[in-house]
file my_file22.cif (mmCIF, C-alpha atoms (C1' of nucleotides))
data_work
loop_
_atom_site.label_atom_id
_atom_site.label_comp_id
_atom_site.auth_asym_id
_atom_site.auth_seq_id
_atom_site.Cartn_x
_atom_site.Cartn_y
_atom_site.Cartn_z
CA MET A 3 22.02 6.78 21.37
CA ASP A 4 20.71 7.86 18.02
CA ILE A 5 17.28 9.06 17.06
CA GLU A 6 15.93 5.91 15.45
CA GLN A 7 16.74 3.84 18.54
CA ALA A 8 14.92 6.31 20.80
CA PHE A 9 12.01 6.34 18.37
CA GLY A 10 11.82 2.55 18.47
CA ILE A 11 11.76 2.46 22.26
CA VAL A 12 9.02 5.08 22.41
CA ILE A 13 6.63 3.47 19.93
CA LYS A 14 7.18 0.07 21.52
CA LYS A 15 6.27 1.57 24.89
CA TYR A 16 3.07 3.09 23.48
CA ARG A 17 2.20 -0.14 21.68
CA LEU A 18 2.59 -2.27 24.80
CA GLU A 19 0.63 0.22 26.92
CA ARG A 20 -2.25 -0.39 24.51
CA SER A 21 -1.49 -4.14 24.62
CA MET A 22 -1.42 -4.17 20.86
CA SER A 23 0.59 -6.65 18.79
CA GLN A 24 3.14 -5.60 16.16
CA GLU A 25 0.85 -7.29 13.65
CA LYS A 26 -2.13 -5.13 14.57
CA LEU A 27 0.00 -2.00 14.50
CA ALA A 28 1.38 -2.98 11.12
CA PHE A 29 -2.04 -3.68 9.70
CA GLY A 30 -3.56 -0.44 11.02
CA SER A 31 -0.71 1.70 9.78
CA ASP A 32 -0.57 -0.11 6.45
CA LEU A 33 3.04 -1.17 6.95
CA ASP A 34 4.77 -4.52 7.00
CA ARG A 35 4.98 -6.44 10.27
CA THR A 36 8.70 -7.13 9.86
CA PHE A 37 9.27 -3.43 9.30
CA ILE A 38 7.60 -2.57 12.62
CA SER A 39 9.97 -5.07 14.19
CA LEU A 40 12.94 -3.33 12.57
CA LEU A 41 11.69 0.09 13.66
CA GLU A 42 11.25 -0.90 17.30
CA ARG A 43 14.82 -2.15 17.39
CA GLY A 44 16.13 1.04 15.82
CA LYS A 45 17.28 -0.67 12.64
CA ARG A 46 15.39 1.66 10.30
CA LYS A 47 14.77 5.42 10.13
CA PRO A 48 11.10 6.19 9.48
CA THR A 49 9.94 9.04 7.28
CA ILE A 50 7.59 11.60 8.80
CA ASN A 51 4.74 9.92 6.93
CA THR A 52 5.49 6.65 8.71
CA LEU A 53 5.58 8.59 11.98
CA PHE A 54 2.12 10.03 11.30
CA SER A 55 0.45 6.78 10.30
CA ILE A 56 1.89 4.90 13.28
CA SER A 57 0.91 7.64 15.72
CA ASN A 58 -2.57 7.54 14.24
CA VAL A 59 -2.99 3.86 15.10
CA LEU A 60 -1.48 4.29 18.55
CA GLU A 61 -3.76 7.28 19.14
CA VAL A 62 -0.88 9.51 20.21
CA LYS A 63 -0.25 12.85 18.60
CA PRO A 64 2.82 12.64 16.35
CA TYR A 65 4.56 15.55 18.04
CA LYS A 66 4.40 13.68 21.35
CA ILE A 67 6.25 10.73 19.88
CA VAL A 68 8.91 13.13 18.60
CA LYS A 69 9.11 14.95 21.93
CA ASN A 70 9.43 11.69 23.86
CA SER A 71 12.00 10.35 21.42
CA LYS A 72 14.18 13.38 22.00
CA ARG A 73 13.70 13.13 25.76
CA CYS A 74 14.43 9.39 25.70
CA ARG A 75 17.55 9.99 23.68
CA GLU A 76 18.89 12.68 25.99
CA SER A 77 17.99 10.99 29.26
CA PHE A 78 19.85 7.95 28.03
CA ALA A 79 22.92 10.10 27.43
CA GLU A 80 22.63 11.44 30.96
CA LYS A 81 22.43 7.93 32.38
CA ILE A 82 25.60 6.97 30.58
CA LYS A 83 27.32 10.07 31.86
CA PHE A 84 26.07 9.28 35.36
CA LYS A 85 27.30 5.71 35.21
CA LEU A 86 30.68 6.83 33.99
CA THR A 87 31.14 9.34 36.81
CA ALA A 88 29.38 7.36 39.56
CA TYR A 89 32.43 5.69 41.01
CA MET B 27 -2.76 18.45 1.48
CA ASP B 28 -0.32 15.79 2.47
CA ILE B 29 2.24 15.79 5.24
CA GLU B 30 5.36 16.52 3.23
CA GLN B 31 3.79 19.64 1.68
CA ALA B 32 2.83 20.97 5.12
CA PHE B 33 6.32 20.15 6.36
CA GLY B 34 7.87 22.08 3.50
CA ILE B 35 5.75 25.16 4.17
CA VAL B 36 6.62 25.10 7.86
CA ILE B 37 10.39 24.81 7.51
CA LYS B 38 10.38 27.45 4.80
CA LYS B 39 8.51 29.78 7.14
CA TYR B 40 11.04 29.18 9.94
CA ARG B 41 13.94 29.60 7.56
CA LEU B 42 12.69 32.93 6.20
CA GLU B 43 11.90 34.19 9.72
CA ARG B 44 15.59 33.68 10.45
CA SER B 45 16.45 35.25 7.07
CA MET B 46 18.59 32.24 6.28
CA SER B 47 19.32 30.99 2.76
CA GLN B 48 18.61 27.43 1.64
CA GLU B 49 22.33 27.10 1.16
CA LYS B 50 23.11 27.97 4.78
CA LEU B 51 20.41 25.64 6.01
CA ALA B 52 21.74 22.86 3.80
CA PHE B 53 25.31 23.39 4.97
CA GLY B 54 24.36 23.52 8.66
CA SER B 55 22.20 20.43 8.49
CA ASP B 56 24.73 18.56 6.35
CA LEU B 57 22.26 18.07 3.51
CA ASP B 58 22.30 19.00 -0.13
CA ARG B 59 21.01 22.41 -1.21
CA THR B 60 18.84 20.96 -3.96
CA PHE B 61 17.32 18.58 -1.45
CA ILE B 62 16.25 21.46 0.80
CA SER B 63 14.63 22.97 -2.26
CA LEU B 64 12.75 19.70 -2.91
CA LEU B 65 11.70 19.47 0.73
CA GLU B 66 10.29 23.00 0.86
CA ARG B 67 8.18 22.28 -2.19
CA GLY B 68 6.89 19.01 -0.71
CA LYS B 69 8.58 16.83 -3.32
CA ARG B 70 10.37 14.64 -0.80
CA LYS B 71 9.42 13.01 2.50
CA PRO B 72 12.16 13.52 5.12
CA THR B 73 13.17 10.87 7.64
CA ILE B 74 13.00 11.79 11.32
CA ASN B 75 16.77 12.18 11.27
CA THR B 76 16.47 14.84 8.58
CA LEU B 77 13.76 16.51 10.68
CA PHE B 78 16.06 16.61 13.70
CA SER B 79 19.11 17.97 11.90
CA ILE B 80 17.08 20.69 10.14
CA SER B 81 15.30 21.71 13.34
CA ASN B 82 18.68 21.93 15.00
CA VAL B 83 19.93 24.50 12.50
CA LEU B 84 16.67 26.46 12.61
CA GLU B 85 16.81 26.40 16.41
CA VAL B 86 13.26 25.09 16.70
CA LYS B 87 12.45 22.00 18.69
CA PRO B 88 11.64 19.12 16.32
CA TYR B 89 8.27 18.43 17.92
CA LYS B 90 7.20 22.00 17.14
CA ILE B 91 7.85 21.49 13.47
CA VAL B 92 5.76 18.33 13.59
CA LYS B 93 2.99 20.05 15.55
CA ASN B 94 2.90 22.98 13.14
CA SER B 95 2.99 20.67 10.13
CA LYS B 96 -0.09 18.87 11.38
CA ARG B 97 -1.81 22.16 12.15
CA CYS B 98 -0.85 23.60 8.76
CA ARG B 99 -2.15 20.51 7.04
CA GLU B 100 -5.50 20.55 8.83
CA SER B 101 -6.10 24.29 8.62
CA PHE B 102 -5.49 24.05 4.90
CA ALA B 103 -8.18 21.39 4.66
CA GLU B 104 -10.55 23.69 6.52
CA LYS B 105 -9.83 26.55 4.16
CA ILE B 106 -10.62 24.39 1.15
CA LYS B 107 -13.83 23.29 2.80
CA PHE B 108 -14.65 26.91 3.53
CA LYS B 109 -14.00 28.00 -0.02
CA LEU B 110 -16.15 25.24 -1.37
CA THR B 111 -19.12 26.14 0.82
CA ALA B 112 -18.64 29.91 0.86
CA TYR B 113 -20.97 30.74 -2.00
"C1'" DA C 20 3.41 -13.21 18.37
"C1'" DT C 21 8.33 -11.76 17.43
"C1'" DG C 22 13.35 -11.72 15.40
"C1'" DT C 23 15.94 -12.59 11.54
"C1'" DA C 24 17.53 -13.21 6.83
"C1'" DG C 25 17.58 -12.55 1.87
"C1'" DA C 26 15.97 -10.65 -2.27
"C1'" DC C 27 13.53 -7.14 -4.12
"C1'" DT C 28 11.36 -2.15 -5.45
"C1'" DG C 29 10.72 2.61 -4.69
"C1'" DT C 30 12.31 6.75 -3.06
"C1'" DG C 31 15.25 9.60 0.17
"C1'" DG C 32 19.28 12.17 -0.51
"C1'" DT C 33 23.81 13.46 -3.40
"C1'" DC C 34 26.06 15.80 -6.99
"C1'" DG C 35 27.13 18.69 -11.25
"C1'" DA C 36 25.31 21.85 -14.38
"C1'" DC C 37 22.23 25.31 -16.35
"C1'" DG C 38 19.03 29.29 -16.33
"C1'" DA D 3 20.06 32.67 -4.14
"C1'" DC D 4 16.69 29.38 -5.98
"C1'" DG D 5 14.24 25.83 -9.32
"C1'" DT D 6 15.13 22.12 -12.25
"C1'" DC D 7 17.05 18.17 -14.66
"C1'" DG D 8 19.49 13.78 -14.97
"C1'" DA D 9 22.35 10.36 -13.16
"C1'" DC D 10 23.50 8.15 -9.34
"C1'" DC D 11 23.62 5.49 -4.64
"C1'" DA D 12 21.96 4.25 -0.11
"C1'" DC D 13 18.41 2.88 2.42
"C1'" DA D 14 13.09 2.91 3.61
"C1'" DG D 15 9.66 -0.44 3.19
"C1'" DT D 16 7.77 -5.21 1.09
"C1'" DC D 17 7.42 -10.07 1.01
"C1'" DT D 18 8.42 -15.06 1.90
"C1'" DA D 19 10.11 -18.18 5.03
"C1'" DC D 20 12.04 -20.27 9.22
"C1'" DA D 21 12.78 -20.70 14.17
#
call {"tool": "encode", "arguments": {"input": "my_file22.cif", "output": "structure tokens"}}
result
Amino acid sequence: MDIEQAFGIVIKKYRLERSMSQEKLAFGSDLDRTFISLLERGKRKPTINTLFSISNVLEVKPYKIVKNSKRCRESFAEKIKFKLTAY
Amino acid sequence: MDIEQAFGIVIKKYRLERSMSQEKLAFGSDLDRTFISLLERGKRKPTINTLFSISNVLEVKPYKIVKNSKRCRESFAEKIKFKLTAY
DNA sequence: ATGTAGACTGTGGTCGACG
DNA sequence: ACGTCGACCACAGTCTACA
């Protein structure tokens, strides 16, 4: 799994925890709604500025999003490895 | 001070601490040397993928670079404020 | 409220060359 | 070893529209 996919999963998780719509997130972070959609599905790689403005709206510190993205990415790799060696 | 400037200062600090040249950093992170130069002077905004590959070469966790960038950015703002009110 | 698609603009990132 | 310049290309990010 690559970084942008992990990033998308993480921000989607935070967004849903705050029961916020993509539209609200887009408006608050001054980005386009369709772009948020692309980000959450790992179709685009955000710049660090995008990271900061999104994290601001979600009220999470940017470094936590990065940390969780890395963790998400690696735990996914482990799951694959596990599945492959399970039987 | 904006994010990309703080980012540039931080990665330059890490690079010099490891007494590594821009060229080595560029080679290791599979980026162009001139682009590293632009980044360190805050002329370009890196994507999170660029953040990850650079942090990998510098052997710093990506979230630490982000955390320090934010801190650098805010402490700079405080210094300006201090200077303005000092006399 | 979200995914997708297409057309578009700006800028992230490359590359060669010079001081 | 680094800053800079100019040309270039790929993609971040916008916008309209439809399901």
call {"tool": "resolve_selection", "arguments": {"input": "my_file22.cif", "expression": "the PyMOL selection byres ((chain B) within 10 of (chain A))", "output": "JSON, numbers by chain"}}
result
{"B": [28, 29, 30, 33, 70, 71, 72, 73, 74, 75, 76, 77, 78, 87, 88, 89, 90, 91, 92, 93, 94, 95, 96]}
call {"tool": "residues_around", "arguments": {"input": "my_file22.cif", "residues": "Val59 in chain A", "least_positions_apart": "4", "cutoff": "12 Å", "atoms": "only C-alpha atoms (C1' of nucleotides)", "output": "VMD selection string"}}
result
chain A and resid 13 16 to 17 20 22 to 33 52 to 55 63 to 64
call {"tool": "resolve_selection", "arguments": {"input": "my_file22.cif", "expression": "the PyMOL selection byres ((chain D) within 9 of (chain A))", "output": "ChimeraX atom specification"}}
result
/D:13-17
call {"tool": "atom_distance", "arguments": {"input": "my_file22.cif", "atom1": "CA of Ile56 in chain A", "atom2": "CA of Ser39 in chain A"}}
result
12.9 Å
call {"tool": "residues_around", "arguments": {"input": "my_file22.cif", "residues": "DA36 in chain C", "least_positions_apart": "2", "cutoff": "12 Å", "atoms": "all atoms listed in the file", "output": "CSV table (one decimal) with C-alpha atoms (C1' of nucleotides), in the frame of the given file"}}
result
chain,number,residue,atom,x,y,z
C,34,DC,C1',26.1,15.8,-7.0
C,38,DG,C1',19.0,29.3,-16.3
D,6,DT,C1',15.1,22.1,-12.2
D,7,DC,C1',17.0,18.2,-14.7
D,8,DG,C1',19.5,13.8,-15.0
D,9,DA,C1',22.4,10.4,-13.2
call {"tool": "closest_atom_pairs", "arguments": {"input": "my_file22.cif", "of": "chain C", "to": "chain A", "cutoff": "8 Å", "atoms": "only C-alpha atoms (C1' of nucleotides)", "output": "tab-separated table"}}
result
residue	atom	partner	partner_atom	distance
C:DA20	C1'	A:Ser23	CA	7.2
C:DT21	C1'	A:Ser39	CA	7.6
C:DG22	C1'	A:Ser39	CA	7.6
call {"tool": "calpha_fit_rmsd", "arguments": {"input": "my_file22.cif", "fixed": "chain B", "moving": "chain A"}}
result
0.1 Å
call {"tool": "atom_distance", "arguments": {"input": "my_file22.cif", "atom1": "CA of Ser81 in chain B", "atom2": "CA of Gly34 in chain B"}}
result
12.3 Å
call {"tool": "decode", "arguments": {"input": "my_file22.cif", "residues": "range 49-64 of chain B", "atoms": "all heavy atoms", "output": "short mmCIF file (atom, residue, chain, number, x, y, z; two decimals), in the first residue's frame"}}
result
data_model
loop_
_atom_site.label_atom_id
_atom_site.label_comp_id
_atom_site.auth_asym_id
_atom_site.auth_seq_id
_atom_site.Cartn_x
_atom_site.Cartn_y
_atom_site.Cartn_z
N GLU B 49 23.56 16.74 -2.64
CA GLU B 49 23.65 15.75 -3.71
C GLU B 49 23.39 14.34 -3.20
O GLU B 49 22.67 13.57 -3.82
CB GLU B 49 25.04 15.81 -4.37
CG GLU B 49 25.16 16.98 -5.32
CD GLU B 49 26.55 17.12 -5.90
OE1 GLU B 49 27.51 16.62 -5.29
OE2 GLU B 49 26.68 17.74 -6.97
N LYS B 50 23.95 14.01 -2.04
CA LYS B 50 23.72 12.68 -1.47
C LYS B 50 22.25 12.50 -1.10
O LYS B 50 21.65 11.46 -1.35
CB LYS B 50 24.60 12.46 -0.23
CG LYS B 50 25.97 11.84 -0.54
CD LYS B 50 26.43 10.90 0.59
CE LYS B 50 27.68 10.11 0.22
NZ LYS B 50 27.38 8.85 -0.50
N LEU B 51 21.72 13.54 -0.48
CA LEU B 51 20.30 13.49 -0.10
C LEU B 51 19.41 13.29 -1.33
O LEU B 51 18.49 12.48 -1.33
CB LEU B 51 19.91 14.77 0.64
CG LEU B 51 18.44 14.93 1.02
CD1 LEU B 51 17.94 13.72 1.80
CD2 LEU B 51 18.23 16.20 1.82
N ALA B 52 19.74 14.04 -2.38
CA ALA B 52 18.96 13.96 -3.62
C ALA B 52 19.05 12.55 -4.21
O ALA B 52 18.04 11.97 -4.59
CB ALA B 52 19.47 14.98 -4.62
N PHE B 53 20.25 12.02 -4.25
CA PHE B 53 20.45 10.69 -4.82
C PHE B 53 19.69 9.63 -4.03
O PHE B 53 18.97 8.81 -4.59
CB PHE B 53 21.94 10.35 -4.86
CG PHE B 53 22.23 9.00 -5.45
CD1 PHE B 53 22.18 8.80 -6.82
CD2 PHE B 53 22.53 7.93 -4.62
CE1 PHE B 53 22.42 7.56 -7.37
CE2 PHE B 53 22.77 6.67 -5.16
CZ PHE B 53 22.71 6.48 -6.54
N GLY B 54 19.83 9.69 -2.68
CA GLY B 54 19.19 8.71 -1.81
C GLY B 54 17.68 8.76 -1.87
O GLY B 54 17.00 7.74 -1.78
N SER B 55 17.14 9.96 -2.02
CA SER B 55 15.68 10.10 -2.03
C SER B 55 15.12 10.07 -3.45
O SER B 55 13.93 10.25 -3.65
CB SER B 55 15.28 11.40 -1.34
OG SER B 55 15.89 12.51 -1.98
N ASP B 56 15.99 9.85 -4.41
CA ASP B 56 15.59 9.75 -5.81
C ASP B 56 14.91 11.03 -6.30
O ASP B 56 13.89 10.99 -6.99
CB ASP B 56 14.66 8.54 -6.00
CG ASP B 56 14.64 8.06 -7.44
OD1 ASP B 56 15.71 8.15 -8.08
OD2 ASP B 56 13.58 7.62 -7.91
N LEU B 57 15.50 12.16 -5.90
CA LEU B 57 15.00 13.46 -6.34
C LEU B 57 16.14 14.22 -6.99
O LEU B 57 17.30 13.80 -6.92
CB LEU B 57 14.47 14.25 -5.14
CG LEU B 57 13.19 13.73 -4.49
CD1 LEU B 57 12.97 14.36 -3.14
CD2 LEU B 57 11.99 13.98 -5.40
N ASP B 58 15.81 15.33 -7.61
CA ASP B 58 16.84 16.12 -8.26
C ASP B 58 17.56 17.02 -7.26
O ASP B 58 16.95 17.54 -6.32
CB ASP B 58 16.23 16.97 -9.35
CG ASP B 58 17.27 17.44 -10.34
OD1 ASP B 58 17.65 16.65 -11.22
OD2 ASP B 58 17.73 18.59 -10.19
N ARG B 59 18.85 17.21 -7.48
CA ARG B 59 19.67 18.03 -6.58
C ARG B 59 19.15 19.46 -6.51
O ARG B 59 19.04 20.04 -5.41
CB ARG B 59 21.11 18.05 -7.08
CG ARG B 59 22.14 18.46 -6.09
CD ARG B 59 23.23 19.29 -6.73
NE ARG B 59 22.90 20.69 -6.71
CZ ARG B 59 23.19 21.56 -7.66
NH1 ARG B 59 23.82 21.15 -8.75
NH2 ARG B 59 22.85 22.82 -7.55
N THR B 60 18.80 20.02 -7.65
CA THR B 60 18.32 21.40 -7.68
C THR B 60 16.99 21.54 -6.94
O THR B 60 16.68 22.59 -6.42
CB THR B 60 18.14 21.89 -9.12
OG1 THR B 60 17.13 21.12 -9.77
CG2 THR B 60 19.43 21.77 -9.89
N PHE B 61 16.24 20.46 -6.93
CA PHE B 61 14.95 20.49 -6.24
C PHE B 61 15.14 20.51 -4.72
O PHE B 61 14.42 21.22 -4.01
CB PHE B 61 14.10 19.29 -6.66
CG PHE B 61 12.73 19.30 -6.08
CD1 PHE B 61 11.87 20.36 -6.31
CD2 PHE B 61 12.30 18.26 -5.28
CE1 PHE B 61 10.60 20.38 -5.77
CE2 PHE B 61 11.03 18.27 -4.74
CZ PHE B 61 10.18 19.32 -4.99
N ILE B 62 16.13 19.76 -4.23
CA ILE B 62 16.47 19.81 -2.80
C ILE B 62 16.86 21.23 -2.43
O ILE B 62 16.44 21.75 -1.39
CB ILE B 62 17.65 18.86 -2.49
CG1 ILE B 62 17.29 17.41 -2.87
CG2 ILE B 62 18.02 18.94 -1.01
CD1 ILE B 62 16.28 16.76 -1.99
N SER B 63 17.63 21.86 -3.29
CA SER B 63 18.04 23.25 -3.07
C SER B 63 16.81 24.15 -2.96
O SER B 63 16.71 24.99 -2.05
CB SER B 63 18.93 23.71 -4.22
OG SER B 63 19.20 25.09 -4.11
N LEU B 64 15.86 23.99 -3.87
CA LEU B 64 14.62 24.77 -3.84
C LEU B 64 13.83 24.51 -2.56
O LEU B 64 13.32 25.44 -1.93
CB LEU B 64 13.76 24.45 -5.07
CG LEU B 64 14.28 24.94 -6.42
CD1 LEU B 64 13.52 24.28 -7.56
CD2 LEU B 64 14.13 26.45 -6.51
#
